file my_file.pdb (PDB, C-alpha atoms and all ligand atoms)
ATOM      1  CA  MET S   1      18.618 171.978  57.217
ATOM      2  CA  ARG S   2      20.997 170.135  59.538
ATOM      3  CA  PRO S   3      19.408 168.017  62.274
ATOM      4  CA  LYS S   4      19.430 169.506  65.755
ATOM      5  CA  ILE S   5      20.977 167.531  68.571
ATOM      6  CA  PHE S   6      21.530 168.051  72.284
ATOM      7  CA  VAL S   7      24.632 166.755  74.097
ATOM      8  CA  ALA S   8      23.420 166.271  77.654
ATOM      9  CA  ARG S   9      26.750 166.324  79.532
ATOM     10  CA  GLU S  10      30.253 167.663  79.024
ATOM     11  CA  ILE S  11      32.268 165.438  76.675
ATOM     12  CA  PHE S  12      35.612 165.657  74.852
ATOM     13  CA  PRO S  13      35.635 168.998  72.950
ATOM     14  CA  GLU S  14      36.939 167.269  69.819
ATOM     15  CA  VAL S  15      33.864 165.047  69.784
ATOM     16  CA  VAL S  16      31.583 168.095  70.077
ATOM     17  CA  GLU S  17      33.538 169.572  67.144
ATOM     18  CA  ARG S  18      32.988 166.400  65.108
ATOM     19  CA  LEU S  19      29.285 166.543  65.832
ATOM     20  CA  ALA S  20      29.163 170.219  64.834
ATOM     21  CA  VAL S  21      30.275 169.272  61.302
ATOM     22  CA  HIS S  22      27.046 167.319  60.870
ATOM     23  CA  PHE S  23      24.512 168.869  63.240
ATOM     24  CA  GLU S  24      23.259 172.018  64.848
ATOM     25  CA  VAL S  25      24.614 171.222  68.292
ATOM     26  CA  GLN S  26      23.481 172.493  71.656
ATOM     27  CA  SER S  27      25.840 171.071  74.243
ATOM     28  CA  ASN S  28      26.024 171.150  78.003
ATOM     29  CA  GLN S  29      29.780 171.751  78.147
ATOM     30  CA  ALA S  30      29.155 173.583  81.442
ATOM     31  CA  ASP S  31      28.281 170.084  82.721
ATOM     32  CA  ASP S  32      25.234 171.249  84.665
ATOM     33  CA  ILE S  33      23.222 168.424  86.182
ATOM     34  CA  LEU S  34      19.831 168.899  84.557
ATOM     35  CA  SER S  35      16.486 168.321  86.212
ATOM     36  CA  LYS S  36      13.933 166.414  84.167
ATOM     37  CA  ALA S  37      12.219 169.719  83.279
ATOM     38  CA  GLN S  38      15.543 171.184  82.115
ATOM     39  CA  LEU S  39      16.319 168.062  80.074
ATOM     40  CA  ILE S  40      12.899 168.285  78.423
ATOM     41  CA  ASP S  41      13.460 171.986  77.705
ATOM     42  CA  ALA S  42      16.802 171.231  76.084
ATOM     43  CA  LEU S  43      15.498 168.283  74.061
ATOM     44  CA  ARG S  44      12.365 170.018  72.730
ATOM     45  CA  GLY S  45      12.732 170.576  68.998
ATOM     46  CA  LYS S  46      15.844 168.335  68.812
ATOM     47  CA  GLN S  47      15.936 165.264  66.596
ATOM     48  CA  GLY S  48      18.869 163.634  68.371
ATOM     49  CA  ALA S  49      20.292 163.315  71.877
ATOM     50  CA  PHE S  50      23.784 162.359  73.067
ATOM     51  CA  THR S  51      23.187 160.996  76.557
ATOM     52  CA  THR S  52      25.160 159.442  79.385
ATOM     53  CA  GLY S  53      24.075 156.862  81.958
ATOM     54  CA  GLY S  54      22.655 159.523  84.289
ATOM     55  CA  ASP S  55      20.267 161.038  81.739
ATOM     56  CA  ARG S  56      16.874 159.394  82.114
ATOM     57  CA  ILE S  57      14.854 159.096  78.914
ATOM     58  CA  ASP S  58      11.377 157.910  79.869
ATOM     59  CA  ALA S  59       7.812 158.119  78.585
ATOM     60  CA  GLU S  60       7.321 161.618  80.015
ATOM     61  CA  VAL S  61      10.436 162.969  78.289
ATOM     62  CA  LEU S  62       9.487 161.257  75.033
ATOM     63  CA  ALA S  63       5.921 162.610  75.145
ATOM     64  CA  ALA S  64       7.249 166.137  75.688
ATOM     65  CA  CYS S  65       9.830 165.867  72.876
ATOM     66  CA  PRO S  66       7.987 164.414  69.858
ATOM     67  CA  ASP S  67      10.730 165.451  67.382
ATOM     68  CA  LEU S  68      13.270 163.122  68.996
ATOM     69  CA  LYS S  69      14.351 160.266  66.694
ATOM     70  CA  ILE S  70      17.489 158.865  68.369
ATOM     71  CA  CYS S  71      19.193 158.815  71.772
ATOM     72  CA  ALA S  72      22.831 157.728  71.625
ATOM     73  CA  ASN S  73      24.034 156.648  75.053
ATOM     74  CA  MET S  74      27.722 156.953  75.920
ATOM     75  CA  ALA S  75      27.603 153.782  78.048
ATOM     76  CA  VAL S  76      27.148 150.102  77.440
ATOM     77  CA  GLY S  77      24.455 149.940  80.148
ATOM     78  CA  TYR S  78      21.169 151.579  79.240
ATOM     79  CA  ASN S  79      18.972 151.293  82.294
ATOM     80  CA  ASN S  80      18.557 155.082  82.029
ATOM     81  CA  PHE S  81      16.433 154.390  78.939
ATOM     82  CA  ASP S  82      12.836 153.197  79.066
ATOM     83  CA  LEU S  83      13.499 151.051  76.012
ATOM     84  CA  PRO S  84       9.905 149.802  75.489
ATOM     85  CA  ALA S  85       8.656 153.428  75.624
ATOM     86  CA  MET S  86      11.332 154.475  73.111
ATOM     87  CA  THR S  87      10.441 151.606  70.799
ATOM     88  CA  ALA S  88       6.731 152.394  71.080
ATOM     89  CA  ARG S  89       7.463 155.967  69.954
ATOM     90  CA  GLY S  90       9.835 154.866  67.199
ATOM     91  CA  VAL S  91      12.875 156.448  68.900
ATOM     92  CA  LEU S  92      16.132 154.615  68.225
ATOM     93  CA  ALA S  93      18.353 153.825  71.224
ATOM     94  CA  THR S  94      22.067 153.048  70.876
ATOM     95  CA  ASN S  95      24.810 152.193  73.380
ATOM     96  CA  THR S  96      28.599 151.707  73.324
ATOM     97  CA  PRO S  97      29.420 147.997  73.637
ATOM     98  CA  ASP S  98      32.767 146.336  72.817
ATOM     99  CA  VAL S  99      34.957 149.466  72.931
ATOM    100  CA  LEU S 100      34.981 149.308  76.747
ATOM    101  CA  THR S 101      35.118 145.559  77.314
ATOM    102  CA  GLU S 102      38.825 145.062  78.020
ATOM    103  CA  THR S 103      39.233 148.320  79.990
ATOM    104  CA  THR S 104      36.266 147.441  82.194
ATOM    105  CA  ALA S 105      37.498 143.868  82.667
ATOM    106  CA  ASP S 106      40.912 145.268  83.701
ATOM    107  CA  PHE S 107      39.207 147.433  86.299
ATOM    108  CA  GLY S 108      37.028 144.617  87.633
ATOM    109  CA  PHE S 109      40.124 142.514  88.087
ATOM    110  CA  ALA S 110      42.029 145.381  89.719
ATOM    111  CA  LEU S 111      39.156 146.033  92.121
ATOM    112  CA  MET S 112      39.041 142.335  93.022
ATOM    113  CA  MET S 113      42.766 142.329  93.741
ATOM    114  CA  ALA S 114      42.607 145.556  95.752
ATOM    115  CA  THR S 115      39.724 144.112  97.761
ATOM    116  CA  ALA S 116      41.342 140.737  98.430
ATOM    117  CA  ARG S 117      44.649 142.324  99.410
ATOM    118  CA  ARG S 118      43.054 145.122 101.476
ATOM    119  CA  MET S 119      44.758 147.939  99.605
ATOM    120  CA  SER S 120      42.394 150.809 100.532
ATOM    121  CA  GLU S 121      42.193 149.844 104.167
ATOM    122  CA  SER S 122      45.975 149.572 104.491
ATOM    123  CA  GLU S 123      46.577 152.847 102.653
ATOM    124  CA  HIS S 124      44.223 154.673 105.019
ATOM    125  CA  PHE S 125      46.120 153.132 107.951
ATOM    126  CA  LEU S 126      49.456 154.310 106.534
ATOM    127  CA  ARG S 127      48.197 157.826 105.714
ATOM    128  CA  ALA S 128      46.817 158.126 109.255
ATOM    129  CA  GLY S 129      50.364 157.601 110.616
ATOM    130  CA  LYS S 130      49.452 154.308 112.278
ATOM    131  CA  TRP S 131      52.258 152.234 110.701
ATOM    132  CA  THR S 132      54.797 151.985 113.486
ATOM    133  CA  LYS S 133      55.899 148.346 113.341
ATOM    134  CA  TRP S 134      55.801 145.116 111.307
ATOM    135  CA  SER S 135      53.364 142.465 112.413
ATOM    136  CA  PHE S 136      52.817 138.955 111.110
ATOM    137  CA  ASP S 137      49.174 139.441 110.163
ATOM    138  CA  MET S 138      49.093 143.132 109.268
ATOM    139  CA  PHE S 139      46.461 143.477 106.536
ATOM    140  CA  ALA S 140      46.801 139.820 105.644
ATOM    141  CA  GLY S 141      44.173 139.151 103.018
ATOM    142  CA  SER S 142      43.316 136.322 100.670
ATOM    143  CA  ASP S 143      45.035 135.047  97.537
ATOM    144  CA  ILE S 144      43.878 135.604  94.000
ATOM    145  CA  HIS S 145      46.073 133.019  92.270
ATOM    146  CA  GLY S 146      44.617 129.542  92.496
ATOM    147  CA  ALA S 147      41.395 130.780  94.137
ATOM    148  CA  THR S 148      37.857 130.200  92.851
ATOM    149  CA  LEU S 149      36.609 133.165  90.833
ATOM    150  CA  GLY S 150      32.834 133.394  90.535
ATOM    151  CA  ILE S 151      31.248 135.575  87.885
ATOM    152  CA  LEU S 152      27.575 136.506  87.914
ATOM    153  CA  GLY S 153      26.651 137.762  84.432
ATOM    154  CA  MET S 154      28.833 136.237  81.745
ATOM    155  CA  GLY S 155      28.618 138.726  78.889
ATOM    156  CA  ARG S 156      31.601 140.267  77.130
ATOM    157  CA  ILE S 157      33.036 141.891  80.271
ATOM    158  CA  GLY S 158      32.435 138.818  82.425
ATOM    159  CA  GLN S 159      34.248 136.698  79.856
ATOM    160  CA  GLY S 160      37.160 139.175  79.855
ATOM    161  CA  ILE S 161      37.463 138.838  83.635
ATOM    162  CA  ALA S 162      37.223 135.043  83.372
ATOM    163  CA  ARG S 163      40.073 134.938  80.832
ATOM    164  CA  ARG S 164      42.244 137.136  83.040
ATOM    165  CA  GLY S 165      41.577 134.908  86.053
ATOM    166  CA  ALA S 166      41.993 131.549  84.329
ATOM    167  CA  LEU S 167      44.854 132.301  81.961
ATOM    168  CA  GLY S 168      46.776 134.899  83.965
ATOM    169  CA  PHE S 169      46.278 133.800  87.559
ATOM    170  CA  GLY S 170      45.443 130.096  87.408
ATOM    171  CA  MET S 171      42.038 130.679  88.983
ATOM    172  CA  ASN S 172      39.289 128.113  88.961
ATOM    173  CA  VAL S 173      36.482 130.013  87.175
ATOM    174  CA  ILE S 174      32.785 129.318  87.704
ATOM    175  CA  TYR S 175      29.904 131.428  86.431
ATOM    176  CA  HIS S 176      26.169 131.840  86.420
ATOM    177  CA  ASN S 177      24.230 133.593  83.682
ATOM    178  CA  ARG S 178      20.661 133.777  82.388
ATOM    179  CA  SER S 179      21.763 131.475  79.582
ATOM    180  CA  ARG S 180      24.689 129.106  79.485
ATOM    181  CA  LEU S 181      27.545 129.937  77.088
ATOM    182  CA  ASP S 182      28.297 127.638  74.180
ATOM    183  CA  ALA S 183      30.967 125.003  74.797
ATOM    184  CA  ALA S 184      33.619 126.791  72.716
ATOM    185  CA  THR S 185      33.260 130.056  74.674
ATOM    186  CA  GLU S 186      33.284 128.169  77.980
ATOM    187  CA  ALA S 187      36.497 126.438  76.909
ATOM    188  CA  GLN S 188      38.088 129.733  75.836
ATOM    189  CA  CYS S 189      37.304 131.281  79.244
ATOM    190  CA  LYS S 190      38.042 128.015  81.090
ATOM    191  CA  ALA S 191      34.781 128.654  82.933
ATOM    192  CA  ARG S 192      32.295 126.160  84.347
ATOM    193  CA  TYR S 193      28.561 126.897  84.499
ATOM    194  CA  VAL S 194      26.980 126.475  87.959
ATOM    195  CA  SER S 195      23.693 127.367  89.652
ATOM    196  CA  LYS S 196      23.477 130.749  91.371
ATOM    197  CA  GLU S 197      23.459 128.984  94.732
ATOM    198  CA  GLU S 198      26.629 127.033  93.951
ATOM    199  CA  LEU S 199      28.243 130.244  92.698
ATOM    200  CA  LEU S 200      27.460 131.981  95.987
ATOM    201  CA  ARG S 201      28.589 129.058  98.117
ATOM    202  CA  SER S 202      31.800 128.185  96.235
ATOM    203  CA  SER S 203      33.324 131.525  95.137
ATOM    204  CA  ASP S 204      36.362 132.880  96.934
ATOM    205  CA  HIS S 205      35.947 136.087  94.914
ATOM    206  CA  LEU S 206      32.566 136.876  93.393
ATOM    207  CA  VAL S 207      32.383 139.535  90.674
ATOM    208  CA  LEU S 208      29.046 140.974  89.508
ATOM    209  CA  VAL S 209      28.860 141.971  85.855
ATOM    210  CA  LEU S 210      25.194 141.495  84.996
ATOM    211  CA  PRO S 211      23.078 144.242  83.410
ATOM    212  CA  TYR S 212      20.508 145.962  85.616
ATOM    213  CA  SER S 213      16.878 145.038  85.069
ATOM    214  CA  PRO S 214      13.982 144.985  87.525
ATOM    215  CA  SER S 215      14.480 141.213  87.864
ATOM    216  CA  ALA S 216      18.134 141.784  88.837
ATOM    217  CA  HIS S 217      17.154 144.247  91.608
ATOM    218  CA  HIS S 218      18.809 143.124  94.861
ATOM    219  CA  ALA S 219      20.065 139.941  93.183
ATOM    220  CA  ILE S 220      22.547 140.045  96.060
ATOM    221  CA  GLY S 221      20.781 140.727  99.366
ATOM    222  CA  ALA S 222      21.017 139.443 102.921
ATOM    223  CA  ALA S 223      20.015 135.875 101.977
ATOM    224  CA  GLU S 224      22.616 135.639  99.196
ATOM    225  CA  LEU S 225      25.355 137.202 101.340
ATOM    226  CA  ALA S 226      24.572 134.639 104.035
ATOM    227  CA  MET S 227      25.369 131.832 101.565
ATOM    228  CA  MET S 228      28.859 133.200 100.794
ATOM    229  CA  LYS S 229      32.016 132.006 102.526
ATOM    230  CA  PRO S 230      33.048 134.216 105.476
ATOM    231  CA  THR S 231      36.425 134.554 103.748
ATOM    232  CA  ALA S 232      34.905 135.592 100.405
ATOM    233  CA  THR S 233      35.063 138.965  98.673
ATOM    234  CA  LEU S 234      32.353 140.567  96.541
ATOM    235  CA  VAL S 235      32.981 143.026  93.701
ATOM    236  CA  ASN S 236      30.229 145.031  91.990
ATOM    237  CA  ILE S 237      31.115 146.736  88.704
ATOM    238  CA  ALA S 238      27.641 146.149  87.253
ATOM    239  CA  ARG S 239      25.021 148.641  88.450
ATOM    240  CA  GLY S 240      23.762 150.068  91.690
ATOM    241  CA  GLY S 241      20.606 148.292  92.805
ATOM    242  CA  ILE S 242      21.888 144.826  91.938
ATOM    243  CA  VAL S 243      23.300 144.675  95.474
ATOM    244  CA  ASP S 244      21.246 145.627  98.534
ATOM    245  CA  ASP S 245      23.829 148.118  99.824
ATOM    246  CA  ALA S 246      22.349 148.297 103.342
ATOM    247  CA  ALA S 247      22.484 144.506 103.683
ATOM    248  CA  LEU S 248      26.036 144.484 102.314
ATOM    249  CA  ALA S 249      27.202 147.153 104.766
ATOM    250  CA  GLN S 250      25.763 145.052 107.602
ATOM    251  CA  ALA S 251      27.419 141.858 106.291
ATOM    252  CA  LEU S 252      30.767 143.673 106.069
ATOM    253  CA  ALA S 253      30.430 145.165 109.554
ATOM    254  CA  GLN S 254      29.622 141.724 110.978
ATOM    255  CA  LYS S 255      32.391 140.100 108.882
ATOM    256  CA  ARG S 256      29.786 137.825 107.295
ATOM    257  CA  ILE S 257      32.015 138.177 104.241
ATOM    258  CA  ALA S 258      35.616 139.359 104.314
ATOM    259  CA  ALA S 259      35.485 142.420 102.081
ATOM    260  CA  ALA S 260      33.851 144.128  99.110
ATOM    261  CA  GLY S 261      34.930 146.300  96.202
ATOM    262  CA  LEU S 262      32.265 148.600  94.834
ATOM    263  CA  ASP S 263      32.315 150.839  91.771
ATOM    264  CA  VAL S 264      28.530 151.305  91.594
ATOM    265  CA  PHE S 265      25.952 152.174  94.236
ATOM    266  CA  GLU S 266      22.224 152.356  94.824
ATOM    267  CA  GLY S 267      21.226 155.995  94.303
ATOM    268  CA  GLU S 268      24.720 157.053  93.183
ATOM    269  CA  PRO S 269      26.403 159.484  93.407
ATOM    270  CA  SER S 270      25.030 159.132  96.947
ATOM    271  CA  VAL S 271      26.616 156.254  98.843
ATOM    272  CA  HIS S 272      24.927 154.408 101.703
ATOM    273  CA  PRO S 273      26.419 156.038 104.832
ATOM    274  CA  ASP S 274      27.193 152.666 106.439
ATOM    275  CA  LEU S 275      29.430 151.739 103.504
ATOM    276  CA  LEU S 276      31.487 154.845 104.226
ATOM    277  CA  THR S 277      32.204 153.740 107.782
ATOM    278  CA  VAL S 278      33.007 150.035 107.380
ATOM    279  CA  PRO S 279      36.739 149.543 106.801
ATOM    280  CA  ASN S 280      36.693 146.376 104.714
ATOM    281  CA  VAL S 281      35.423 147.896 101.484
ATOM    282  CA  VAL S 282      37.163 149.502  98.511
ATOM    283  CA  LEU S 283      35.021 152.292  97.056
ATOM    284  CA  THR S 284      35.427 153.887  93.608
ATOM    285  CA  PRO S 285      33.113 156.405  91.887
ATOM    286  CA  HIS S 286      31.805 154.411  88.873
ATOM    287  CA  ILE S 287      35.031 154.572  86.866
ATOM    288  CA  ALA S 288      35.390 151.033  85.506
ATOM    289  CA  SER S 289      35.448 152.197  81.869
ATOM    290  CA  ALA S 290      37.416 155.362  82.619
ATOM    291  CA  SER S 291      40.672 155.067  80.748
ATOM    292  CA  VAL S 292      41.258 158.072  78.490
ATOM    293  CA  PRO S 293      41.401 156.049  75.242
ATOM    294  CA  THR S 294      38.280 154.067  76.124
ATOM    295  CA  ARG S 295      36.220 157.073  77.166
ATOM    296  CA  LEU S 296      37.218 158.737  73.886
ATOM    297  CA  ALA S 297      36.264 155.604  71.949
ATOM    298  CA  MET S 298      32.889 155.519  73.734
ATOM    299  CA  ALA S 299      32.209 159.184  72.935
ATOM    300  CA  ASN S 300      33.189 158.664  69.293
ATOM    301  CA  LEU S 301      30.987 155.571  68.990
ATOM    302  CA  ALA S 302      27.993 157.470  70.381
ATOM    303  CA  ALA S 303      28.761 160.295  67.928
ATOM    304  CA  ASP S 304      29.123 157.808  65.048
ATOM    305  CA  ASN S 305      25.724 156.366  65.881
ATOM    306  CA  LEU S 306      24.166 159.832  65.542
ATOM    307  CA  ILE S 307      26.081 160.603  62.333
ATOM    308  CA  GLN S 308      25.224 157.237  60.722
ATOM    309  CA  PHE S 309      21.595 157.430  61.704
ATOM    310  CA  PHE S 310      20.999 160.842  60.179
ATOM    311  CA  SER S 311      23.053 160.112  57.054
ATOM    312  CA  THR S 312      22.006 156.495  56.293
ATOM    313  CA  GLY S 313      19.004 155.704  58.511
ATOM    314  CA  LYS S 314      21.074 152.975  60.219
ATOM    315  CA  ALA S 315      23.220 152.862  63.354
ATOM    316  CA  LEU S 316      26.317 150.949  64.431
ATOM    317  CA  THR S 317      25.075 149.613  67.752
ATOM    318  CA  PRO S 318      21.278 149.874  67.914
ATOM    319  CA  LEU S 319      19.417 148.533  70.942
ATOM    320  CA  ASN S 320      15.971 148.495  69.327
ATOM    321  CA  PRO S 321      16.734 147.975  65.620
ATOM    322  CA  GLU S 322      13.076 147.147  65.042
ATOM    323  CA  VAL S 323      12.317 150.894  64.932
ATOM    324  CA  LEU S 324      14.518 151.173  61.830
ATOM    325  CA  GLY S 325      12.199 148.945  59.810
ATOM    326  CA  GLY S 326      13.302 146.908  56.719
TER     327      GLY S 326
HETATM  328  C1  LIG I   1      29.142 152.108  82.498
HETATM  329  O1  LIG I   1      28.697 151.819  83.549
HETATM  330  C2  LIG I   1      28.547 151.751  81.238
HETATM  331  O2  LIG I   1      27.446 151.184  81.243
HETATM  332  O3  LIG I   1      29.144 152.026  80.200
END
call {"tool": "encode", "arguments": {"input": "my_file.pdb", "output": "structure tokens", "more": "lines below"}}
Ligand code: GLV
result
Amino acid sequence: MRPKIFVAREIFPEVVERLAVHFEVQSNQADDILSKAQLIDALRGKQGAFTTGGDRIDAEVLAACPDLKICANMAVGYNNFDLPAMTARGVLATNTPDVLTETTADFGFALMMATARRMSESEHFLRAGKWTKWSFDMFAGSDIHGATLGILGMGRIGQGIARRGALGFGMNVIYHNRSRLDAATEAQCKARYVSKEELLRSSDHLVLVLPYSPSAHHAIGAAELAMMKPTATLVNIARGGIVDDAALAQALAQKRIAAAGLDVFEGEPSVHPDLLTVPNVVLTPHIASASVPTRLAMANLAADNLIQFFSTGKALTPLNPEVLGG
């Protein structure tokens, strides 16, 4: 009998077709947003799940779905998984690293540039019919080239942004990370390790790329924003909750920092109402990995993890390989 899997959100039809060659597939191609009870209902009796970052797999879901053996996340981040609970129940978790690194680094860089050069704010001004004359300081922002780029969280995506800044734009790159990179990687990225405080105080443009964990909650709050230069910009392509959005909205309104670019939000898809009213912020709906080829590669990698697991007992990108044993 073929294993039964549930695909929790709408994905590329060709990927559902690939899965259907190997599995009995129930898929949410209607793209309904499922409550926890509905998710449990759908997962009961399934051995595998294809999930996205919004599908929470926690102890309650696992207890209610004892047949589940693997959850393949179509995202590199996996804070929607209670990984210790999955490991305790012997449920394999997988994610989609690497295939999205360069696309996401492109977007982080683009968001930084749009923020520094005030692209959203000036477009709104133009669309509102307010552009009636030239003026010397109209939407004058800050430079990217030659500026100090700070990166908090120096994994694969952070390194991609560092390379773009150092090699493409002559930026002076500094970073802070839980652990310092080896000398060869630092040299490749032309990045210098600094304390978090120095990163906050010295960056002209600070980009957040660290994974979410309870210890990273509000890693950037009022105190950290107060340490930044008043001319600095802040970009968050990491996860909602890493920035205290209320404190950021206040800092932007008071021009404590110059501007922010945000792709992720606390409680998304809700956005803090004060962020919607301050002008000096570029807002995008969590699309950093959203190029068509990359989203397809992510979906195929999640599918490959399911296919590999049920055919060989292994997976391509396991997060808790200890559940696989030997
Ligand atoms: C996107 O946020 C991802 O984690 O892939």
call {"tool": "residues_near_ligand", "arguments": {"input": "my_file.pdb", "ligand": "ligand LIG 1 (chain I)", "cutoff": "12 Å", "atoms": "all atoms listed in the file", "output": "ChimeraX atom specification"}}
result
/S:51-54,73-81,94-101,103-105,107-108,157,209-212,236-240,263-265,268,285-291,294-295,297-299,301-302
call {"tool": "atom_distance", "arguments": {"input": "my_file.pdb", "atom1": "CA of Ala114 (chain S)", "atom2": "CA of Ala191 (chain S)"}}
result
22.6 Å
call {"tool": "resolve_selection", "arguments": {"input": "my_file.pdb", "expression": "the PyMOL selection byres (((chain S and resi 325) around 12) and not hetatm)", "output": "list in words"}}
result
Thr87, Gly90, Val91, Leu92, Gly313, Lys314, Asn320, Pro321, Glu322, Val323, Leu324 and Gly326 of chain S
call {"tool": "residues_around", "arguments": {"input": "my_file.pdb", "residues": "region 202-204 of chain S", "least_positions_apart": "4", "cutoff": "12 Å", "atoms": "all atoms listed in the file", "output": "ChimeraX atom specification"}}
result
/S:112-113,115-116,141-152,171-176,194-198,208,225,227-235,257-260
call {"tool": "residues_around", "arguments": {"input": "my_file.pdb", "residues": "Gln250 (chain S)", "least_positions_apart": "5", "cutoff": "10 Å", "atoms": "all atoms listed in the file", "output": "list in words"}}
result
Ala222, Asp245, Lys255, Arg256, Ile257, Asp274, Leu275 and Val278 of chain S
call {"tool": "closest_residue", "arguments": {"input": "my_file.pdb", "among": "S:Val281, S:Ser135, S:Gly241, S:Ala246", "to": "Arg117 (chain S)", "atoms": "only C-alpha atoms"}}
result
S:Val281
call {"tool": "residues_around", "arguments": {"input": "my_file.pdb", "residues": "Leu43 (chain S)", "least_positions_apart": "6", "cutoff": "9 Å", "atoms": "only C-alpha atoms", "output": "number ranges by chain"}}
result
S: 5-6, 8, 49, 61, 64-65, 67-68
call {"tool": "atom_distance", "arguments": {"input": "my_file.pdb", "atom1": "CA of Lys69 (chain S)", "atom2": "CA of Val16 (chain S)"}}
result
19.2 Å
call {"tool": "axis_aligned_box", "arguments": {"input": "my_file.pdb", "around": "region 159-172 of chain S", "padding_each_side": "5 Å", "output": "JSON"}}
result
{"center_x": 40.5, "center_y": 133.6, "center_z": 84.4, "size_x": 22.5, "size_y": 21.1, "size_z": 19.1}
call {"tool": "closest_residue", "arguments": {"input": "my_file.pdb", "among": "S:Leu111, S:Met119, S:Val207, S:Ala59", "to": "Arg89 (chain S)", "atoms": "only C-alpha atoms"}}
result
S:Ala59
call {"tool": "decode", "arguments": {"input": "my_file.pdb", "residues": "region 92-97 of chain S", "atoms": "all heavy atoms", "output": "PDB file, in the first residue's frame"}}
result
ATOM      1  N   LEU S  92      10.425  12.579  11.651  1.00  0.00           N
ATOM      2  CA  LEU S  92      11.505  13.285  10.952  1.00  0.00           C
ATOM      3  C   LEU S  92      11.003  14.653  10.476  1.00  0.00           C
ATOM      4  O   LEU S  92       9.876  14.786   9.979  1.00  0.00           O
ATOM      5  CB  LEU S  92      11.976  12.473   9.739  1.00  0.00           C
ATOM      6  CG  LEU S  92      13.171  13.093   9.005  1.00  0.00           C
ATOM      7  CD1 LEU S  92      14.431  13.043   9.850  1.00  0.00           C
ATOM      8  CD2 LEU S  92      13.409  12.409   7.660  1.00  0.00           C
ATOM      9  N   ALA S  93      11.865  15.664  10.632  1.00  0.00           N
ATOM     10  CA  ALA S  93      11.581  17.008  10.119  1.00  0.00           C
ATOM     11  C   ALA S  93      12.613  17.314   9.035  1.00  0.00           C
ATOM     12  O   ALA S  93      13.797  17.002   9.197  1.00  0.00           O
ATOM     13  CB  ALA S  93      11.701  18.029  11.245  1.00  0.00           C
ATOM     14  N   THR S  94      12.164  17.908   7.933  1.00  0.00           N
ATOM     15  CA  THR S  94      13.119  18.358   6.906  1.00  0.00           C
ATOM     16  C   THR S  94      12.763  19.789   6.502  1.00  0.00           C
ATOM     17  O   THR S  94      11.625  20.237   6.684  1.00  0.00           O
ATOM     18  CB  THR S  94      13.097  17.455   5.647  1.00  0.00           C
ATOM     19  OG1 THR S  94      11.823  17.573   5.001  1.00  0.00           O
ATOM     20  CG2 THR S  94      13.358  16.001   5.988  1.00  0.00           C
ATOM     21  N   ASN S  95      13.750  20.492   5.953  1.00  0.00           N
ATOM     22  CA  ASN S  95      13.529  21.864   5.470  1.00  0.00           C
ATOM     23  C   ASN S  95      14.137  22.006   4.075  1.00  0.00           C
ATOM     24  O   ASN S  95      14.529  21.000   3.464  1.00  0.00           O
ATOM     25  CB  ASN S  95      14.105  22.888   6.461  1.00  0.00           C
ATOM     26  CG  ASN S  95      15.622  22.842   6.534  1.00  0.00           C
ATOM     27  OD1 ASN S  95      16.252  21.859   6.172  1.00  0.00           O
ATOM     28  ND2 ASN S  95      16.223  23.915   7.022  1.00  0.00           N
ATOM     29  N   THR S  96      14.196  23.238   3.563  1.00  0.00           N
ATOM     30  CA  THR S  96      14.711  23.425   2.189  1.00  0.00           C
ATOM     31  C   THR S  96      15.856  24.452   2.165  1.00  0.00           C
ATOM     32  O   THR S  96      15.707  25.560   1.642  1.00  0.00           O
ATOM     33  CB  THR S  96      13.584  23.887   1.234  1.00  0.00           C
ATOM     34  OG1 THR S  96      13.001  25.099   1.742  1.00  0.00           O
ATOM     35  CG2 THR S  96      12.522  22.839   1.085  1.00  0.00           C
ATOM     36  N   PRO S  97      17.011  24.079   2.726  1.00  0.00           N
ATOM     37  CA  PRO S  97      18.151  24.994   2.682  1.00  0.00           C
ATOM     38  C   PRO S  97      18.779  25.027   1.296  1.00  0.00           C
ATOM     39  O   PRO S  97      18.418  24.230   0.416  1.00  0.00           O
ATOM     40  CB  PRO S  97      19.117  24.366   3.694  1.00  0.00           C
ATOM     41  CG  PRO S  97      18.816  22.902   3.630  1.00  0.00           C
ATOM     42  CD  PRO S  97      17.331  22.807   3.358  1.00  0.00           C
TER      43      PRO S  97
END
